[in-house]
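S.K.: This is my_file_22.pdb (PDB, C-alpha atoms).
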MODEL        1
ATOM      1  CA  MET A1293      -6.144 -11.187   8.680  1.00  0.00           C
ATOM      2  CA  LEU A1294      -9.471  -9.950  10.039  1.00  0.00           C
ATOM      3  CA  ARG A1295      -9.773 -13.097  12.183  1.00  0.00           C
ATOM      4  CA  LEU A1296      -6.243 -12.498  13.504  1.00  0.00           C
ATOM      5  CA  PHE A1297      -7.153  -8.908  14.394  1.00  0.00           C
ATOM      6  CA  ILE A1298     -10.329 -10.028  16.217  1.00  0.00           C
ATOM      7  CA  ALA A1299      -8.475 -12.798  18.063  1.00  0.00           C
ATOM      8  CA  CYS A1300      -5.738 -10.359  19.110  1.00  0.00           C
ATOM      9  CA  GLY A1301      -8.376  -7.914  20.339  1.00  0.00           C
ATOM     10  CA  ILE A1302      -9.959 -10.602  22.508  1.00  0.00           C
ATOM     11  CA  PHE A1303      -6.552 -11.734  23.830  1.00  0.00           C
ATOM     12  CA  THR A1304      -5.659  -8.125  24.629  1.00  0.00           C
ATOM     13  CA  LEU A1305      -8.897  -7.682  26.586  1.00  0.00           C
ATOM     14  CA  LEU A1306      -8.010 -10.815  28.549  1.00  0.00           C
ATOM     15  CA  GLY A1307      -4.554  -9.427  29.305  1.00  0.00           C
ATOM     16  CA  PHE A1308      -2.506 -11.596  26.925  1.00  0.00           C
ATOM     17  CA  VAL A1309       0.132 -10.285  24.537  1.00  0.00           C
ATOM     18  CA  CYS A1310      -0.467 -10.783  20.833  1.00  0.00           C
ATOM     19  CA  PRO A1311       2.934 -10.885  19.086  1.00  0.00           C
ATOM     20  CA  ALA A1312       1.502 -11.568  15.618  1.00  0.00           C
ATOM     21  CA  LEU A1313       0.731  -7.874  15.191  1.00  0.00           C
ATOM     22  CA  ALA A1314       4.136  -6.800  16.509  1.00  0.00           C
ATOM     23  CA  HIS A1315       6.065  -7.367  13.285  1.00  0.00           C
ATOM     24  CA  VAL A1316       7.541  -4.634  11.110  1.00  0.00           C
ATOM     25  CA  THR A1317       5.095  -4.414   8.191  1.00  0.00           C
ATOM     26  CA  ALA A1318       4.655  -2.439   4.968  1.00  0.00           C
ATOM     27  CA  HIS A1319       1.509  -0.302   4.566  1.00  0.00           C
ATOM     28  CA  PRO A1320       0.187  -0.424   1.934  1.00  0.00           C
ATOM     29  CA  ASP A1321       1.383  -3.946   1.142  1.00  0.00           C
ATOM     30  CA  ALA A1322       0.136  -4.147  -2.467  1.00  0.00           C
ATOM     31  CA  GLY A1323       1.114  -1.992  -5.440  1.00  0.00           C
ATOM     32  CA  VAL A1324       0.391  -1.920  -9.154  1.00  0.00           C
ATOM     33  CA  ALA A1325       3.202  -3.639 -11.074  1.00  0.00           C
ATOM     34  CA  GLY A1326       5.261  -1.200 -13.143  1.00  0.00           C
ATOM     35  CA  SER A1327       4.010   1.856 -11.253  1.00  0.00           C
ATOM     36  CA  TYR A1328       5.557   4.357  -8.881  1.00  0.00           C
ATOM     37  CA  PHE A1329       4.603   3.300  -5.373  1.00  0.00           C
ATOM     38  CA  GLU A1330       4.880   4.710  -1.867  1.00  0.00           C
ATOM     39  CA  THR A1331       4.789   2.547   1.232  1.00  0.00           C
ATOM     40  CA  ARG A1332       5.650   2.981   4.890  1.00  0.00           C
ATOM     41  CA  PHE A1333       7.402   0.433   7.082  1.00  0.00           C
ATOM     42  CA  ILE A1334       5.663   0.477  10.445  1.00  0.00           C
ATOM     43  CA  VAL A1335       7.866  -0.162  13.509  1.00  0.00           C
ATOM     44  CA  PRO A1336       5.429  -1.002  16.334  1.00  0.00           C
ATOM     45  CA  HIS A1337       7.909  -1.344  19.230  1.00  0.00           C
ATOM     46  CA  GLY A1338      11.558  -1.563  20.229  1.00  0.00           C
ATOM     47  CA  CYS A1339      13.558  -4.643  21.253  1.00  0.00           C
ATOM     48  CA  ASN A1340      12.490  -6.112  24.603  1.00  0.00           C
ATOM     49  CA  GLY A1341      11.794  -2.674  26.069  1.00  0.00           C
ATOM     50  CA  SER A1342      14.781  -0.938  24.450  1.00  0.00           C
ATOM     51  CA  PRO A1343      14.255   2.013  22.037  1.00  0.00           C
ATOM     52  CA  THR A1344      14.941   1.691  18.305  1.00  0.00           C
ATOM     53  CA  ILE A1345      18.021   3.623  17.130  1.00  0.00           C
ATOM     54  CA  ALA A1346      18.373   2.315  13.551  1.00  0.00           C
ATOM     55  CA  LEU A1347      16.299   0.653  10.853  1.00  0.00           C
ATOM     56  CA  ARG A1348      17.846  -0.959   7.757  1.00  0.00           C
ATOM     57  CA  ILE A1349      15.664  -2.103   4.868  1.00  0.00           C
ATOM     58  CA  ALA A1350      17.101  -4.339   2.135  1.00  0.00           C
ATOM     59  CA  ILE A1351      15.666  -3.522  -1.295  1.00  0.00           C
ATOM     60  CA  PRO A1352      14.767  -6.513  -3.498  1.00  0.00           C
ATOM     61  CA  ASP A1353      16.081  -6.850  -7.054  1.00  0.00           C
ATOM     62  CA  GLY A1354      14.002  -5.271  -9.812  1.00  0.00           C
ATOM     63  CA  ILE A1355      13.011  -2.155  -7.900  1.00  0.00           C
ATOM     64  CA  ALA A1356      14.190   1.135  -9.394  1.00  0.00           C
ATOM     65  CA  GLY A1357      14.271   4.742  -8.256  1.00  0.00           C
ATOM     66  CA  VAL A1358      14.107   4.228  -4.492  1.00  0.00           C
ATOM     67  CA  THR A1359      13.699   7.471  -2.528  1.00  0.00           C
ATOM     68  CA  PRO A1360      13.582   7.323   1.291  1.00  0.00           C
ATOM     69  CA  GLN A1361      11.511   9.622   3.484  1.00  0.00           C
ATOM     70  CA  MET A1362      13.411  12.227   5.489  1.00  0.00           C
ATOM     71  CA  LYS A1363      12.584  12.025   9.174  1.00  0.00           C
ATOM     72  CA  PRO A1364      13.531  14.735  11.685  1.00  0.00           C
ATOM     73  CA  GLY A1365      16.037  13.374  14.187  1.00  0.00           C
ATOM     74  CA  TRP A1366      17.173  10.569  11.872  1.00  0.00           C
ATOM     75  CA  LYS A1367      20.106  10.431   9.430  1.00  0.00           C
ATOM     76  CA  VAL A1368      19.346   8.588   6.177  1.00  0.00           C
ATOM     77  CA  SER A1369      21.985   6.682   4.239  1.00  0.00           C
ATOM     78  CA  ILE A1370      21.699   4.708   1.014  1.00  0.00           C
ATOM     79  CA  ARG A1371      23.897   1.775   0.002  1.00  0.00           C
ATOM     80  CA  ARG A1372      23.963   1.114  -3.757  1.00  0.00           C
ATOM     81  CA  ARG A1373      24.713  -1.937  -5.917  1.00  0.00           C
ATOM     82  CA  LYS A1374      25.386  -2.660  -9.569  1.00  0.00           C
ATOM     83  CA  LEU A1375      22.484  -4.485 -11.203  1.00  0.00           C
ATOM     84  CA  GLU A1376      23.119  -7.883 -12.801  1.00  0.00           C
ATOM     85  CA  GLN A1377      20.837  -6.942 -15.689  1.00  0.00           C
ATOM     86  CA  PRO A1378      20.391  -3.251 -16.568  1.00  0.00           C
ATOM     87  CA  LEU A1379      16.871  -1.838 -16.523  1.00  0.00           C
ATOM     88  CA  SER A1380      15.712   0.440 -19.333  1.00  0.00           C
ATOM     89  CA  GLN A1381      13.009   2.345 -17.493  1.00  0.00           C
ATOM     90  CA  ASN A1382      14.188   5.909 -17.101  1.00  0.00           C
ATOM     91  CA  HIS A1383      13.257   7.923 -20.215  1.00  0.00           C
ATOM     92  CA  GLY A1384      14.915   5.353 -22.485  1.00  0.00           C
ATOM     93  CA  LYS A1385      18.169   5.309 -20.511  1.00  0.00           C
ATOM     94  CA  GLN A1386      19.539   2.093 -19.087  1.00  0.00           C
ATOM     95  CA  ILE A1387      19.715   1.939 -15.330  1.00  0.00           C
ATOM     96  CA  ILE A1388      22.842  -0.001 -14.348  1.00  0.00           C
ATOM     97  CA  GLY A1389      22.763   0.579 -10.580  1.00  0.00           C
ATOM     98  CA  GLY A1390      20.184   0.459  -7.884  1.00  0.00           C
ATOM     99  CA  VAL A1391      19.605   0.872  -4.175  1.00  0.00           C
ATOM    100  CA  ALA A1392      20.597  -2.177  -2.139  1.00  0.00           C
ATOM    101  CA  GLU A1393      19.690  -0.851   1.308  1.00  0.00           C
ATOM    102  CA  VAL A1394      18.282   2.199   3.054  1.00  0.00           C
ATOM    103  CA  GLU A1395      19.180   2.965   6.661  1.00  0.00           C
ATOM    104  CA  TRP A1396      17.706   5.449   9.115  1.00  0.00           C
ATOM    105  CA  ARG A1397      19.860   6.045  12.213  1.00  0.00           C
ATOM    106  CA  GLY A1398      19.085   8.359  15.104  1.00  0.00           C
ATOM    107  CA  GLY A1399      15.842   8.849  16.917  1.00  0.00           C
ATOM    108  CA  PRO A1400      15.549   7.199  19.289  1.00  0.00           C
ATOM    109  CA  LEU A1401      12.086   5.718  18.869  1.00  0.00           C
ATOM    110  CA  PRO A1402      10.867   4.777  22.390  1.00  0.00           C
ATOM    111  CA  ASN A1403       9.732   1.181  22.885  1.00  0.00           C
ATOM    112  CA  ASP A1404       6.155   2.209  23.726  1.00  0.00           C
ATOM    113  CA  LEU A1405       5.669   4.369  20.608  1.00  0.00           C
ATOM    114  CA  TYR A1406       5.488   3.470  16.928  1.00  0.00           C
ATOM    115  CA  ASP A1407       6.639   5.241  13.788  1.00  0.00           C
ATOM    116  CA  ALA A1408       6.590   4.812  10.010  1.00  0.00           C
ATOM    117  CA  PHE A1409       9.596   4.962   7.677  1.00  0.00           C
ATOM    118  CA  GLY A1410       8.589   5.723   4.090  1.00  0.00           C
ATOM    119  CA  LEU A1411       9.994   4.679   0.735  1.00  0.00           C
ATOM    120  CA  MET A1412       8.951   5.721  -2.748  1.00  0.00           C
ATOM    121  CA  MET A1413       9.988   3.405  -5.598  1.00  0.00           C
ATOM    122  CA  LYS A1414       9.279   2.128  -9.096  1.00  0.00           C
ATOM    123  CA  LEU A1415       7.942  -1.425  -8.907  1.00  0.00           C
ATOM    124  CA  PRO A1416       8.869  -4.194 -11.377  1.00  0.00           C
ATOM    125  CA  ALA A1417       6.483  -4.551 -14.328  1.00  0.00           C
ATOM    126  CA  ALA A1418       5.366  -8.188 -13.909  1.00  0.00           C
ATOM    127  CA  PRO A1419       2.344  -8.659 -11.588  1.00  0.00           C
ATOM    128  CA  GLY A1420       1.770 -11.742  -9.475  1.00  0.00           C
ATOM    129  CA  ARG A1421       4.991 -11.666  -7.434  1.00  0.00           C
ATOM    130  CA  THR A1422       5.519 -10.806  -3.808  1.00  0.00           C
ATOM    131  CA  LEU A1423       8.602  -8.747  -2.983  1.00  0.00           C
ATOM    132  CA  TYR A1424      10.146  -9.179   0.465  1.00  0.00           C
ATOM    133  CA  PHE A1425      12.035  -6.377   2.218  1.00  0.00           C
ATOM    134  CA  PRO A1426      14.246  -7.872   4.957  1.00  0.00           C
ATOM    135  CA  VAL A1427      14.553  -5.415   7.846  1.00  0.00           C
ATOM    136  CA  THR A1428      17.112  -5.107  10.633  1.00  0.00           C
ATOM    137  CA  GLN A1429      15.866  -3.139  13.640  1.00  0.00           C
ATOM    138  CA  GLU A1430      18.724  -1.996  15.864  1.00  0.00           C
ATOM    139  CA  CYS A1431      17.919  -0.989  19.425  1.00  0.00           C
ATOM    140  CA  ARG A1432      20.057   0.388  22.252  1.00  0.00           C
ATOM    141  CA  ASP A1433      20.056  -3.077  23.806  1.00  0.00           C
ATOM    142  CA  GLY A1434      19.680  -5.611  21.030  1.00  0.00           C
ATOM    143  CA  VAL A1435      18.831  -6.235  17.407  1.00  0.00           C
ATOM    144  CA  ARG A1436      15.729  -7.734  15.769  1.00  0.00           C
ATOM    145  CA  HIS A1437      15.939  -9.282  12.311  1.00  0.00           C
ATOM    146  CA  TRP A1438      12.642  -9.211  10.405  1.00  0.00           C
ATOM    147  CA  THR A1439      14.054 -11.303   7.560  1.00  0.00           C
ATOM    148  CA  GLY A1440      11.971 -14.479   7.334  1.00  0.00           C
ATOM    149  CA  ILE A1441      10.667 -15.268   3.854  1.00  0.00           C
ATOM    150  CA  PRO A1442       7.997 -17.968   3.674  1.00  0.00           C
ATOM    151  CA  ALA A1443       8.583 -21.142   1.682  1.00  0.00           C
ATOM    152  CA  ASN A1444       6.174 -21.731  -1.188  1.00  0.00           C
ATOM    153  CA  GLY A1445       2.711 -22.166   0.345  1.00  0.00           C
ATOM    154  CA  GLN A1446       3.792 -21.314   3.899  1.00  0.00           C
ATOM    155  CA  PRO A1447       1.709 -18.584   5.588  1.00  0.00           C
ATOM    156  CA  TRP A1448       3.673 -15.377   6.257  1.00  0.00           C
ATOM    157  CA  HIS A1449       2.253 -14.993   9.768  1.00  0.00           C
ATOM    158  CA  ASP A1450       3.573 -18.463  10.748  1.00  0.00           C
ATOM    159  CA  LEU A1451       7.159 -17.184  10.639  1.00  0.00           C
ATOM    160  CA  PRO A1452       8.629 -15.950  13.945  1.00  0.00           C
ATOM    161  CA  SER A1453      10.272 -12.863  12.362  1.00  0.00           C
ATOM    162  CA  PRO A1454       8.794 -12.367   8.879  1.00  0.00           C
ATOM    163  CA  ALA A1455      10.116  -9.795   6.416  1.00  0.00           C
ATOM    164  CA  PRO A1456       7.639  -7.097   5.341  1.00  0.00           C
ATOM    165  CA  PHE A1457       6.285  -7.588   1.823  1.00  0.00           C
ATOM    166  CA  VAL A1458       4.642  -5.834  -1.114  1.00  0.00           C
ATOM    167  CA  LYS A1459       2.464  -7.801  -3.539  1.00  0.00           C
ATOM    168  CA  LEU A1460       2.636  -6.776  -7.204  1.00  0.00           C
ATOM    169  CA  VAL A1461      -0.912  -6.553  -8.552  1.00  0.00           C
ATOM    170  CA  PRO A1462      -2.081  -5.972 -12.140  1.00  0.00           C
ATOM    171  CA  LYS A1463      -3.421  -2.622 -13.275  1.00  0.00           C
ATOM    172  CA  LYS A1464      -7.213  -2.580 -13.056  1.00  0.00           C
ATOM    173  CA  ALA A1465      -9.125  -2.246 -16.308  1.00  0.00           C
ATOM    174  CA  ARG A1466     -11.208   0.925 -16.551  1.00  0.00           C
TER
ENDMDL
END
Translate this file's structure into structure tokens.
M.R.:
Amino acid sequence: MLRLFIACGIFTLLGFVCPALAHVTAHPDAGVAGSYFETRFIVPHGCNGSPTIALRIAIPDGIAGVTPQMKPGWKVSIRRRKLEQPLSQNHGKQIIGGVAEVEWRGGPLPNDLYDAFGLMMKLPAAPGRTLYFPVTQECRDGVRHWTGIPANGQPWHDLPSPAPFVKLVPKKAR
């Protein structure tokens, strides 16, 4: 990633565009498995010069307790789903439903500005997985789908429109 950043910096100085850094990404993109975790989805631009008016983030299976960030000028809506297998994570109670998608609508977010859309959630307990969050970015004039999920062994940055991700890491020993 550092090499990509350096290469993009050189290309920018030479007047070239570097689209590899123009994806919607999650920051931070790694969280301790089984923990409560906060990340922000960074929207670096609009759609071909058009401002962003909506952002929809699909929530992967196994995530519990999703809480979106409130943003002035944006309306937040949550679409729920019934879980195939109940989770027993909330003070001994079974969780039978979860959040399927979070949408922010409003703004608008001008094409030449960026913003971050935050989510707080409880991550699945098993480390070693990567969770992908497909994103639909709606603009006044167009839609961008950041939904690409790499095949096993394929680099994420090789996809034309990759989905943001969060890696589940083990808890560090003290």
S.K.: Contacts of Val1391 in chain A at 12 Å or less, counting only C-alpha atoms, minus same-chain residues fewer than 5 places along, as a list in words?
M.R.: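 Selected residues are Ile1349, Ala1350, Ile1351, Pro1352, Asp1353, Gly1354, Ile1355, Ala1356, Gly1357, Val1358, Thr1359, Pro1360, Ser1369, Ile1370, Arg1371, Arg1372, Arg1373, Lys1374, Leu1375, Leu1411, Met1412, Met1413 and Lys1414 of chain A.
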S.K.: Please report the interatomic distance between CA of Glu1330 in chain A and CA of Tyr1406 in chain A in Å with one decimal.
M.R.: 18.8 Å
S.K.: For the structure shown, which residues end up in the PyMOL selection byres ((chain A and resi 1322) around 6)? Put them as a list in words, please?
M.R.: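 So the PyMOL selection byres ((chain A and resi 1322) around 6), applied here, picks out Pro1320, Asp1321, Gly1323, Val1458, Lys1459 and Leu1460 of chain A.
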S.K.: CA of Leu1423 in chain A to CA of Pro1343 in chain A: how many Å, to one decimal?
M.R.: 27.8 Å
S.K.: Hey, which of A:Ala1314, A:Leu1401, A:Val1435, A:Val1427 ends up closest to Pro1456 in chain A? Count only C-alpha atoms.
M.R.: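 Of all the options, A:Val1427 lies closest to Pro1456 in chain A.
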S.K.: Of the candidates A:Lys1463, A:Pro1442, A:Pro1364, A:Asn1340, which one gets nearest to Gln1429 in chain A if we count all atoms listed in the file?
M.R.: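 Closest to Gln1429 in chain A, using all atoms listed in the file: A:Asn1340.
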S.K.: Quote the spacing between CA of Ala1346 in chain A and CA of Asp1450 in chain A in Å to one decimal place.
M.R.: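 Taking CA of Ala1346 in chain A as the start and CA of Asp1450 in chain A as the end point, the length is 25.7 Å.
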S.K.: Restricting the calculation to all atoms listed in the file: of A:Ala1408, A:Leu1451, A:Ile1441, A:Val1368, which residue gets closest to Val1316 in chain A?
M.R.: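 The closest residue to Val1316 in chain A is A:Ala1408.
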S.K.: Within 9 Å of Thr1344 in chain A, counting only C-alpha atoms, which residues show up once you throw out same-chain ones fewer than 3 positions away? Write them as a list of chain:residue names, please.
M.R.: A:Val1335, A:His1337, A:Gly1338, A:Cys1339, A:Leu1347, A:Arg1397, A:Gly1398, A:Gly1399, A:Pro1400, A:Leu1401, A:Pro1402, A:Asn1403, A:Gln1429, A:Glu1430, A:Cys1431, A:Arg1432, A:Asp1433, A:Val1435
